[in-house]
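Worksheet: one structure, shown below.
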There are 2 protein chains.
Amino acid sequence: MNLDEAVLGRRSIRKYQRKEVPDSVVRELLDLARRAPSSMNGQPWRFIVIRKAEIKRQIVAIKNKYCPTEKLAFKADFLKDAPVIIVVCVDRSRSFEREVENAVLAGAYILLAAHSRGLGGVYMSAYRAGEEGIDGEFRELLGIPAGVDPVTMIPLGYPDETPGPKDLVPLDEVVSLETFSE
Amino acid sequence: MNLDEAVLGRRSIRKYQRKEVPDSVVRELLDLARRAPSSMNGQPWRFIVIRKAEIKRQIVAIKNKYCPTEKLAFKADFLKDAPVIIVVCVDRSRSFEREVENAVLAGAYILLAAHSRGLGGVYMSAYRAGEEGIDGEFRELLGIPAGVDPVTMIPLGYPDETPGPKDLVPLDEVVSLETFSE
């Protein structure tokens, strides 16, 4: 798929068909994700591919337990119906204090590459600054060691919803030249 | 350009031809960038497009002044020769505590869309956690108000270098199934 088409067509998808996502496709996504830029070319990514129902169920429980009040409209229950969840972690010994940046760059690649293959997904965070509870519970569930940070988790599946058009903030309102303007 | 080709071909480019990047192309990049996912669809991005030599010169001075020792091999001097620099900021009132995530997602889109149009760029940060000096100096230089955070700056131009092939960490070393494995 053309890059512009992928960007224009990708939407956040939270409902999935009961159709497996082949291992070969997941592998393609991860192979592309590791081509993202990384600080000092450290390539610090560690990916966890989750398909087991019991682990998904526990992820839902942890996400909902720590969901901020203002985001309660987006409960995490749908994650249990995602055929696969990719957790993007970062090895701090190779990420030069840019754990979030490195993980998110790979996450953006996964979302676009997934869409280009007919898959849908949604960007979700696997940590919350200042909230050690969620961090600790994910680490225990997924066996993530202290030197590695879970940053994002991306559920993927063949879409079972077609979101309507998105209202975009007008470009002229968000672009300024040379210096910031209101 | 095909999405996979864009991902496979994109490299970090720090040398640029003396050839202007048309406004129309910059606008295309920003139009695509604002299609990135954002927390609660807040679309919190604010983009600053910089072309003036004097502003670039001051950006170089600030970046070099606060460059961490371990990154001194990548001095920021090349920024002054970039025809255009896009600074991606985030309005905190619309970003739900995910300033970095929202900015980086848009940044990844800019880098891929730039490559697909024959441009080269490199991901750079516009802040450093715990370092108020760099944050304050960028805010003053670019007139960025307190409620808006500068997160990344992406210099762009037509490439005047062709990086050699990149050594990638083997995929099997960085992928694990269900739980983390060393």
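Chain labels run A, B, ... following the order of the structure tokens; each chain numbers its residues from 1, and ligands are numbered from 1 in the order shown.
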Produce the least-squares-superposed copy of chain A, fitted on chain B over all in-order C-alpha pairs, as a compact mmCIF listing (two decimals) with N, CA and C atoms, in the first residue's frame.
# COMPACT_ATOMS: atom_id res chain seq x y z
N MET A 1 4.94 6.51 -2.82
CA MET A 1 5.84 5.39 -2.51
C MET A 1 5.13 4.38 -1.62
N ASN A 2 5.41 3.12 -1.91
CA ASN A 2 4.87 2.02 -1.11
C ASN A 2 5.34 2.15 0.36
N LEU A 3 4.45 1.81 1.29
CA LEU A 3 4.80 1.95 2.71
C LEU A 3 6.04 1.14 3.09
N ASP A 4 6.09 -0.12 2.66
CA ASP A 4 7.25 -0.94 3.02
C ASP A 4 8.54 -0.35 2.46
N GLU A 5 8.47 0.14 1.24
CA GLU A 5 9.66 0.78 0.64
C GLU A 5 10.09 1.99 1.45
N ALA A 6 9.11 2.77 1.91
CA ALA A 6 9.44 3.96 2.70
C ALA A 6 10.14 3.55 3.99
N VAL A 7 9.60 2.52 4.64
CA VAL A 7 10.20 2.05 5.90
C VAL A 7 11.60 1.48 5.66
N LEU A 8 11.73 0.69 4.61
CA LEU A 8 13.02 0.03 4.36
C LEU A 8 14.07 1.03 3.86
N GLY A 9 13.63 2.06 3.15
CA GLY A 9 14.59 2.98 2.54
C GLY A 9 14.95 4.18 3.41
N ARG A 10 14.08 4.53 4.35
CA ARG A 10 14.34 5.73 5.16
C ARG A 10 15.59 5.56 6.02
N ARG A 11 16.42 6.55 6.03
CA ARG A 11 17.60 6.56 6.90
C ARG A 11 17.71 7.96 7.52
N SER A 12 18.49 8.07 8.57
CA SER A 12 18.70 9.39 9.17
C SER A 12 19.69 10.16 8.30
N ILE A 13 19.25 11.32 7.85
CA ILE A 13 20.04 12.14 6.92
C ILE A 13 20.41 13.46 7.59
N ARG A 14 21.71 13.74 7.61
CA ARG A 14 22.22 14.95 8.25
C ARG A 14 22.99 15.87 7.29
N LYS A 15 23.05 15.49 6.02
CA LYS A 15 23.68 16.37 5.01
C LYS A 15 22.65 16.63 3.91
N TYR A 16 22.51 17.90 3.57
CA TYR A 16 21.43 18.27 2.64
C TYR A 16 21.97 19.07 1.47
N GLN A 17 21.35 18.88 0.31
CA GLN A 17 21.66 19.72 -0.85
C GLN A 17 21.18 21.15 -0.59
N ARG A 18 21.80 22.09 -1.29
CA ARG A 18 21.37 23.49 -1.20
C ARG A 18 20.17 23.69 -2.12
N LYS A 19 19.12 23.06 -1.81
CA LYS A 19 17.93 23.12 -2.67
C LYS A 19 16.74 23.32 -1.74
N GLU A 20 15.94 24.30 -2.04
CA GLU A 20 14.81 24.60 -1.14
C GLU A 20 13.79 23.47 -1.10
N VAL A 21 13.14 23.35 0.01
CA VAL A 21 12.00 22.43 0.14
C VAL A 21 10.74 23.29 -0.02
N PRO A 22 9.97 23.06 -1.08
CA PRO A 22 8.81 23.94 -1.33
C PRO A 22 7.81 23.94 -0.16
N ASP A 23 7.19 25.09 0.04
CA ASP A 23 6.14 25.19 1.07
C ASP A 23 5.05 24.15 0.86
N SER A 24 4.75 23.89 -0.42
CA SER A 24 3.66 22.94 -0.69
C SER A 24 4.01 21.55 -0.17
N VAL A 25 5.29 21.18 -0.23
CA VAL A 25 5.70 19.87 0.26
C VAL A 25 5.66 19.84 1.80
N VAL A 26 6.13 20.91 2.42
CA VAL A 26 6.07 20.97 3.89
C VAL A 26 4.61 20.84 4.35
N ARG A 27 3.74 21.51 3.63
CA ARG A 27 2.32 21.46 3.98
C ARG A 27 1.76 20.03 3.84
N GLU A 28 2.18 19.33 2.80
CA GLU A 28 1.75 17.92 2.64
C GLU A 28 2.21 17.09 3.85
N LEU A 29 3.44 17.32 4.27
CA LEU A 29 3.96 16.53 5.40
C LEU A 29 3.15 16.80 6.67
N LEU A 30 2.82 18.07 6.89
CA LEU A 30 2.08 18.41 8.11
C LEU A 30 0.63 17.92 8.02
N ASP A 31 0.09 17.95 6.81
CA ASP A 31 -1.27 17.44 6.63
C ASP A 31 -1.31 15.95 6.96
N LEU A 32 -0.25 15.22 6.58
CA LEU A 32 -0.20 13.79 6.91
C LEU A 32 0.08 13.59 8.40
N ALA A 33 0.98 14.42 8.95
CA ALA A 33 1.36 14.25 10.36
C ALA A 33 0.14 14.34 11.28
N ARG A 34 -0.78 15.24 10.94
CA ARG A 34 -1.95 15.42 11.83
C ARG A 34 -2.95 14.27 11.69
N ARG A 35 -2.68 13.29 10.82
CA ARG A 35 -3.51 12.08 10.75
C ARG A 35 -3.01 11.01 11.71
N ALA A 36 -1.92 11.28 12.40
CA ALA A 36 -1.41 10.31 13.38
C ALA A 36 -2.45 10.11 14.48
N PRO A 37 -2.39 8.98 15.15
CA PRO A 37 -3.29 8.82 16.30
C PRO A 37 -2.88 9.78 17.42
N SER A 38 -3.84 10.17 18.23
CA SER A 38 -3.54 11.01 19.39
C SER A 38 -4.43 10.59 20.55
N SER A 39 -3.97 10.83 21.76
CA SER A 39 -4.74 10.41 22.94
C SER A 39 -6.11 11.04 22.91
N MET A 40 -7.13 10.22 23.04
CA MET A 40 -8.51 10.68 23.06
C MET A 40 -8.82 11.56 21.85
N ASN A 41 -8.14 11.31 20.75
CA ASN A 41 -8.29 12.12 19.52
C ASN A 41 -8.16 13.62 19.80
N GLY A 42 -7.26 13.97 20.71
CA GLY A 42 -7.09 15.37 21.08
C GLY A 42 -6.39 16.21 20.03
N GLN A 43 -5.71 15.55 19.08
CA GLN A 43 -4.97 16.28 18.02
C GLN A 43 -4.24 17.50 18.59
N PRO A 44 -3.37 17.27 19.54
CA PRO A 44 -2.79 18.40 20.28
C PRO A 44 -1.59 19.07 19.61
N TRP A 45 -1.32 18.71 18.36
CA TRP A 45 -0.08 19.17 17.74
C TRP A 45 -0.08 20.64 17.39
N ARG A 46 1.09 21.25 17.56
CA ARG A 46 1.37 22.60 17.06
C ARG A 46 2.72 22.51 16.37
N PHE A 47 2.74 22.86 15.12
CA PHE A 47 3.96 22.74 14.32
C PHE A 47 4.57 24.11 14.05
N ILE A 48 5.88 24.23 14.22
CA ILE A 48 6.57 25.47 13.87
C ILE A 48 7.53 25.15 12.72
N VAL A 49 7.37 25.86 11.63
CA VAL A 49 8.19 25.65 10.43
C VAL A 49 9.27 26.74 10.38
N ILE A 50 10.52 26.31 10.47
CA ILE A 50 11.63 27.28 10.57
C ILE A 50 12.50 27.23 9.32
N ARG A 51 12.67 28.40 8.72
CA ARG A 51 13.55 28.52 7.55
C ARG A 51 14.63 29.58 7.73
N LYS A 52 14.44 30.50 8.68
CA LYS A 52 15.39 31.62 8.84
C LYS A 52 16.73 31.14 9.41
N ALA A 53 17.80 31.61 8.76
CA ALA A 53 19.16 31.19 9.14
C ALA A 53 19.47 31.55 10.59
N GLU A 54 19.04 32.70 11.03
CA GLU A 54 19.40 33.14 12.38
C GLU A 54 18.75 32.25 13.45
N ILE A 55 17.54 31.85 13.20
CA ILE A 55 16.89 30.95 14.17
C ILE A 55 17.58 29.59 14.17
N LYS A 56 17.92 29.08 12.99
CA LYS A 56 18.63 27.79 12.93
C LYS A 56 19.96 27.88 13.68
N ARG A 57 20.66 29.01 13.51
CA ARG A 57 21.95 29.19 14.17
C ARG A 57 21.77 29.11 15.69
N GLN A 58 20.72 29.72 16.18
CA GLN A 58 20.49 29.70 17.62
C GLN A 58 20.06 28.31 18.11
N ILE A 59 19.33 27.60 17.28
CA ILE A 59 18.96 26.22 17.65
C ILE A 59 20.23 25.37 17.79
N VAL A 60 21.14 25.52 16.83
CA VAL A 60 22.41 24.78 16.90
C VAL A 60 23.13 25.08 18.22
N ALA A 61 23.19 26.36 18.56
CA ALA A 61 23.90 26.76 19.78
C ALA A 61 23.26 26.12 21.01
N ILE A 62 21.93 26.13 21.06
CA ILE A 62 21.24 25.55 22.23
C ILE A 62 21.45 24.04 22.27
N LYS A 63 21.26 23.37 21.12
CA LYS A 63 21.43 21.90 21.09
C LYS A 63 22.85 21.52 21.53
N ASN A 64 23.85 22.21 21.01
CA ASN A 64 25.23 21.84 21.37
C ASN A 64 25.53 22.13 22.83
N LYS A 65 24.98 23.24 23.32
CA LYS A 65 25.24 23.61 24.72
C LYS A 65 24.76 22.53 25.69
N TYR A 66 23.63 21.92 25.35
CA TYR A 66 23.04 20.93 26.26
C TYR A 66 23.24 19.49 25.79
N CYS A 67 24.13 19.29 24.83
CA CYS A 67 24.34 17.93 24.32
C CYS A 67 24.97 17.03 25.39
N PRO A 68 24.36 15.89 25.68
CA PRO A 68 24.96 14.98 26.67
C PRO A 68 26.31 14.45 26.16
N THR A 69 27.22 14.22 27.07
CA THR A 69 28.57 13.77 26.72
C THR A 69 28.55 12.59 25.75
N GLU A 70 27.68 11.62 26.01
CA GLU A 70 27.70 10.39 25.21
C GLU A 70 27.17 10.60 23.80
N LYS A 71 26.62 11.78 23.54
CA LYS A 71 26.10 12.02 22.19
C LYS A 71 26.93 13.06 21.43
N LEU A 72 28.10 13.41 21.96
CA LEU A 72 28.90 14.47 21.34
C LEU A 72 29.36 14.13 19.93
N ALA A 73 29.34 12.83 19.60
CA ALA A 73 29.70 12.44 18.23
C ALA A 73 28.69 12.99 17.22
N PHE A 74 27.50 13.33 17.71
CA PHE A 74 26.46 13.86 16.81
C PHE A 74 26.18 15.31 17.15
N LYS A 75 27.10 16.18 16.81
CA LYS A 75 26.87 17.60 17.10
C LYS A 75 25.75 18.13 16.19
N ALA A 76 25.16 19.22 16.63
CA ALA A 76 23.96 19.71 15.95
C ALA A 76 24.27 20.71 14.83
N ASP A 77 25.55 20.94 14.56
CA ASP A 77 25.92 21.97 13.57
C ASP A 77 25.21 21.82 12.23
N PHE A 78 24.99 20.57 11.84
CA PHE A 78 24.37 20.34 10.52
C PHE A 78 22.98 20.98 10.39
N LEU A 79 22.35 21.24 11.53
CA LEU A 79 20.99 21.82 11.48
C LEU A 79 20.95 23.16 10.76
N LYS A 80 22.05 23.89 10.83
CA LYS A 80 22.04 25.22 10.18
C LYS A 80 21.98 25.09 8.66
N ASP A 81 22.34 23.93 8.13
CA ASP A 81 22.31 23.72 6.68
C ASP A 81 21.04 23.00 6.21
N ALA A 82 20.15 22.73 7.14
CA ALA A 82 18.87 22.11 6.73
C ALA A 82 17.98 23.21 6.17
N PRO A 83 17.45 23.03 4.97
CA PRO A 83 16.58 24.07 4.41
C PRO A 83 15.38 24.40 5.30
N VAL A 84 14.90 23.39 5.99
CA VAL A 84 13.73 23.64 6.85
C VAL A 84 13.81 22.74 8.09
N ILE A 85 13.34 23.27 9.19
CA ILE A 85 13.25 22.48 10.43
C ILE A 85 11.80 22.56 10.90
N ILE A 86 11.22 21.40 11.18
CA ILE A 86 9.86 21.37 11.73
C ILE A 86 9.95 21.02 13.22
N VAL A 87 9.47 21.93 14.04
CA VAL A 87 9.43 21.66 15.48
C VAL A 87 8.01 21.19 15.81
N VAL A 88 7.92 20.03 16.42
CA VAL A 88 6.61 19.49 16.80
C VAL A 88 6.39 19.76 18.29
N CYS A 89 5.38 20.56 18.57
CA CYS A 89 5.02 20.86 19.95
C CYS A 89 3.65 20.24 20.24
N VAL A 90 3.35 20.17 21.52
CA VAL A 90 2.08 19.58 21.94
C VAL A 90 1.40 20.50 22.95
N ASP A 91 0.15 20.76 22.73
CA ASP A 91 -0.67 21.57 23.63
C ASP A 91 -1.12 20.66 24.79
N ARG A 92 -0.60 20.94 25.98
CA ARG A 92 -0.87 20.04 27.11
C ARG A 92 -2.34 19.98 27.49
N SER A 93 -3.11 20.99 27.12
CA SER A 93 -4.53 20.96 27.48
C SER A 93 -5.31 19.94 26.65
N ARG A 94 -4.66 19.38 25.61
CA ARG A 94 -5.35 18.42 24.74
C ARG A 94 -4.60 17.11 24.61
N SER A 95 -3.59 16.88 25.45
CA SER A 95 -2.74 15.71 25.20
C SER A 95 -2.81 14.64 26.29
N PHE A 96 -3.62 14.86 27.32
CA PHE A 96 -3.91 13.82 28.31
C PHE A 96 -2.65 13.15 28.87
N GLU A 97 -1.70 13.99 29.25
CA GLU A 97 -0.45 13.52 29.88
C GLU A 97 0.40 12.66 28.96
N ARG A 98 0.12 12.70 27.66
CA ARG A 98 0.90 11.91 26.71
C ARG A 98 1.56 12.83 25.68
N GLU A 99 2.24 13.84 26.20
CA GLU A 99 2.87 14.83 25.30
C GLU A 99 3.89 14.16 24.37
N VAL A 100 4.77 13.34 24.96
CA VAL A 100 5.83 12.75 24.14
C VAL A 100 5.24 11.79 23.12
N GLU A 101 4.35 10.92 23.58
CA GLU A 101 3.75 9.95 22.65
C GLU A 101 3.10 10.66 21.45
N ASN A 102 2.27 11.66 21.75
CA ASN A 102 1.56 12.33 20.66
C ASN A 102 2.53 12.98 19.67
N ALA A 103 3.54 13.63 20.19
CA ALA A 103 4.49 14.31 19.30
C ALA A 103 5.29 13.30 18.47
N VAL A 104 5.70 12.21 19.09
CA VAL A 104 6.55 11.25 18.39
C VAL A 104 5.77 10.53 17.29
N LEU A 105 4.50 10.24 17.54
CA LEU A 105 3.69 9.61 16.48
C LEU A 105 3.65 10.51 15.25
N ALA A 106 3.42 11.81 15.46
CA ALA A 106 3.41 12.74 14.32
C ALA A 106 4.81 12.82 13.69
N GLY A 107 5.83 12.78 14.53
CA GLY A 107 7.20 12.83 14.01
C GLY A 107 7.54 11.65 13.12
N ALA A 108 7.10 10.48 13.52
CA ALA A 108 7.35 9.28 12.70
C ALA A 108 6.68 9.43 11.34
N TYR A 109 5.46 9.97 11.33
CA TYR A 109 4.76 10.19 10.07
C TYR A 109 5.54 11.17 9.19
N ILE A 110 6.05 12.25 9.79
CA ILE A 110 6.79 13.25 9.01
C ILE A 110 8.02 12.61 8.37
N LEU A 111 8.74 11.81 9.14
CA LEU A 111 9.97 11.19 8.60
C LEU A 111 9.66 10.27 7.43
N LEU A 112 8.62 9.45 7.55
CA LEU A 112 8.28 8.54 6.46
C LEU A 112 7.74 9.30 5.25
N ALA A 113 6.88 10.27 5.50
CA ALA A 113 6.31 11.04 4.39
C ALA A 113 7.41 11.84 3.69
N ALA A 114 8.36 12.35 4.44
CA ALA A 114 9.48 13.09 3.84
C ALA A 114 10.27 12.16 2.93
N HIS A 115 10.61 10.99 3.43
CA HIS A 115 11.38 10.05 2.61
C HIS A 115 10.63 9.70 1.33
N SER A 116 9.33 9.52 1.44
CA SER A 116 8.55 9.13 0.26
C SER A 116 8.53 10.23 -0.80
N ARG A 117 8.91 11.45 -0.41
CA ARG A 117 8.97 12.58 -1.34
C ARG A 117 10.40 12.96 -1.69
N GLY A 118 11.34 12.04 -1.42
CA GLY A 118 12.72 12.29 -1.79
C GLY A 118 13.50 13.14 -0.80
N LEU A 119 12.87 13.46 0.33
CA LEU A 119 13.54 14.26 1.36
C LEU A 119 14.20 13.37 2.39
N GLY A 120 15.17 13.92 3.09
CA GLY A 120 15.78 13.21 4.21
C GLY A 120 15.68 14.05 5.46
N GLY A 121 15.66 13.39 6.59
CA GLY A 121 15.59 14.11 7.86
C GLY A 121 16.11 13.22 8.96
N VAL A 122 16.06 13.72 10.16
CA VAL A 122 16.50 12.92 11.29
C VAL A 122 15.70 13.32 12.52
N TYR A 123 15.33 12.33 13.31
CA TYR A 123 14.59 12.60 14.54
C TYR A 123 15.51 13.24 15.57
N MET A 124 15.12 14.39 16.11
CA MET A 124 15.89 15.00 17.19
C MET A 124 14.94 15.46 18.29
N SER A 125 15.42 15.45 19.51
CA SER A 125 14.56 15.89 20.61
C SER A 125 14.72 17.39 20.84
N ALA A 126 13.65 17.99 21.33
CA ALA A 126 13.65 19.43 21.61
C ALA A 126 13.56 19.70 23.11
N TYR A 127 13.77 18.65 23.90
CA TYR A 127 13.74 18.79 25.36
C TYR A 127 14.62 17.70 25.93
N ARG A 128 14.92 17.84 27.20
CA ARG A 128 15.61 16.74 27.88
C ARG A 128 15.06 16.68 29.29
N ALA A 129 14.54 15.52 29.68
CA ALA A 129 13.91 15.38 30.99
C ALA A 129 14.87 15.83 32.08
N GLY A 130 14.39 16.64 32.99
CA GLY A 130 15.20 17.09 34.11
C GLY A 130 16.17 18.21 33.77
N GLU A 131 16.13 18.68 32.52
CA GLU A 131 17.03 19.77 32.10
C GLU A 131 16.19 20.96 31.69
N GLU A 132 15.92 21.83 32.66
CA GLU A 132 15.05 22.97 32.37
C GLU A 132 15.72 24.01 31.50
N GLY A 133 17.05 23.99 31.47
CA GLY A 133 17.77 24.98 30.67
C GLY A 133 17.42 24.91 29.21
N ILE A 134 17.50 23.71 28.64
CA ILE A 134 17.24 23.58 27.20
C ILE A 134 15.78 23.91 26.90
N ASP A 135 14.91 23.49 27.79
CA ASP A 135 13.48 23.78 27.60
C ASP A 135 13.25 25.29 27.60
N GLY A 136 13.82 25.97 28.58
CA GLY A 136 13.64 27.42 28.70
C GLY A 136 14.21 28.18 27.51
N GLU A 137 15.37 27.75 27.04
CA GLU A 137 15.99 28.48 25.93
C GLU A 137 15.21 28.29 24.63
N PHE A 138 14.73 27.08 24.39
CA PHE A 138 13.91 26.86 23.18
C PHE A 138 12.60 27.65 23.26
N ARG A 139 12.00 27.65 24.44
CA ARG A 139 10.74 28.40 24.60
C ARG A 139 10.94 29.88 24.30
N GLU A 140 12.05 30.42 24.82
CA GLU A 140 12.29 31.85 24.60
C GLU A 140 12.56 32.13 23.12
N LEU A 141 13.43 31.30 22.52
CA LEU A 141 13.79 31.51 21.12
C LEU A 141 12.56 31.45 20.20
N LEU A 142 11.69 30.47 20.48
CA LEU A 142 10.58 30.22 19.55
C LEU A 142 9.25 30.78 20.04
N GLY A 143 9.27 31.43 21.18
CA GLY A 143 8.04 32.05 21.70
C GLY A 143 6.97 31.04 22.08
N ILE A 144 7.41 29.90 22.62
CA ILE A 144 6.45 28.84 22.96
C ILE A 144 5.91 29.08 24.37
N PRO A 145 4.57 29.17 24.50
CA PRO A 145 3.99 29.48 25.81
C PRO A 145 4.05 28.29 26.78
N ALA A 146 3.75 28.57 28.04
CA ALA A 146 3.92 27.58 29.11
C ALA A 146 3.05 26.33 28.92
N GLY A 147 1.88 26.47 28.32
CA GLY A 147 0.99 25.32 28.18
C GLY A 147 1.30 24.43 27.00
N VAL A 148 2.35 24.75 26.28
CA VAL A 148 2.71 23.98 25.08
C VAL A 148 4.13 23.47 25.26
N ASP A 149 4.35 22.19 24.94
CA ASP A 149 5.68 21.60 25.10
C ASP A 149 6.34 21.31 23.76
N PRO A 150 7.55 21.83 23.55
CA PRO A 150 8.31 21.40 22.38
C PRO A 150 8.86 20.00 22.65
N VAL A 151 8.67 19.07 21.73
CA VAL A 151 9.10 17.68 21.97
C VAL A 151 10.15 17.24 20.97
N THR A 152 9.89 17.44 19.69
CA THR A 152 10.86 16.99 18.70
C THR A 152 11.08 18.06 17.63
N MET A 153 12.26 18.04 17.02
CA MET A 153 12.52 18.93 15.88
C MET A 153 13.14 18.08 14.78
N ILE A 154 12.60 18.25 13.59
CA ILE A 154 13.00 17.41 12.47
C ILE A 154 13.53 18.29 11.34
N PRO A 155 14.86 18.28 11.13
CA PRO A 155 15.42 19.01 9.99
C PRO A 155 15.16 18.22 8.73
N LEU A 156 14.87 18.92 7.64
CA LEU A 156 14.55 18.25 6.38
C LEU A 156 15.25 18.93 5.21
N GLY A 157 15.65 18.13 4.25
CA GLY A 157 16.22 18.65 3.02
C GLY A 157 16.42 17.50 2.05
N TYR A 158 16.80 17.85 0.81
CA TYR A 158 17.11 16.80 -0.16
C TYR A 158 18.48 16.23 0.21
N PRO A 159 18.59 14.92 0.35
CA PRO A 159 19.81 14.31 0.89
C PRO A 159 21.06 14.59 0.06
N ASP A 160 22.16 14.83 0.75
CA ASP A 160 23.45 14.96 0.11
C ASP A 160 24.40 13.92 0.70
N GLU A 161 23.84 12.82 1.13
CA GLU A 161 24.63 11.69 1.61
C GLU A 161 23.82 10.42 1.39
N THR A 162 24.51 9.30 1.26
CA THR A 162 23.85 8.00 1.09
C THR A 162 24.44 7.05 2.13
N PRO A 163 23.77 6.94 3.26
CA PRO A 163 24.32 6.07 4.31
C PRO A 163 24.46 4.63 3.83
N GLY A 164 25.48 3.94 4.31
CA GLY A 164 25.66 2.53 3.98
C GLY A 164 24.60 1.69 4.65
N PRO A 165 24.58 0.40 4.36
CA PRO A 165 23.55 -0.46 4.97
C PRO A 165 23.67 -0.47 6.49
N LYS A 166 22.54 -0.64 7.14
CA LYS A 166 22.48 -0.59 8.61
C LYS A 166 22.55 -2.02 9.14
N ASP A 167 23.38 -2.24 10.13
CA ASP A 167 23.39 -3.55 10.78
C ASP A 167 22.20 -3.64 11.72
N LEU A 168 21.35 -4.60 11.50
CA LEU A 168 20.17 -4.73 12.35
C LEU A 168 20.37 -5.85 13.37
N VAL A 169 19.92 -5.61 14.57
CA VAL A 169 19.89 -6.67 15.57
C VAL A 169 18.98 -7.78 15.03
N PRO A 170 19.42 -9.05 15.09
CA PRO A 170 18.57 -10.13 14.55
C PRO A 170 17.19 -10.14 15.22
N LEU A 171 16.18 -10.34 14.40
CA LEU A 171 14.81 -10.26 14.90
C LEU A 171 14.55 -11.27 16.02
N ASP A 172 15.09 -12.47 15.86
CA ASP A 172 14.83 -13.50 16.88
C ASP A 172 15.38 -13.14 18.25
N GLU A 173 16.36 -12.26 18.28
CA GLU A 173 16.93 -11.86 19.57
C GLU A 173 16.05 -10.86 20.31
N VAL A 174 15.11 -10.26 19.60
CA VAL A 174 14.34 -9.18 20.24
C VAL A 174 12.84 -9.47 20.29
N VAL A 175 12.45 -10.66 19.85
CA VAL A 175 11.03 -11.02 19.90
C VAL A 175 10.85 -12.17 20.87
N SER A 176 9.88 -12.06 21.75
CA SER A 176 9.55 -13.21 22.60
C SER A 176 8.04 -13.41 22.59
N LEU A 177 7.64 -14.61 22.94
CA LEU A 177 6.22 -14.97 22.85
C LEU A 177 5.60 -15.10 24.23
N GLU A 178 4.46 -14.45 24.39
CA GLU A 178 3.63 -14.48 25.61
C GLU A 178 4.26 -13.75 26.80
N THR A 179 5.52 -14.05 27.11
CA THR A 179 6.19 -13.30 28.18
C THR A 179 7.62 -12.99 27.71
N PHE A 180 8.27 -12.11 28.46
CA PHE A 180 9.62 -11.67 28.09
C PHE A 180 10.62 -12.81 28.26
N SER A 181 11.50 -12.96 27.28
CA SER A 181 12.60 -13.92 27.47
C SER A 181 13.90 -13.25 27.06
N GLU A 182 14.96 -13.59 27.77
CA GLU A 182 16.28 -12.97 27.51
C GLU A 182 16.83 -13.45 26.17
- [ ] as a PyMOL selection string, please: all residues of range 1-168 of chain B that backbone DSSP puts in alpha helix (DSSP H).
- [x] chain B and resi 3-9+23-33+53-65+99-116+132-142
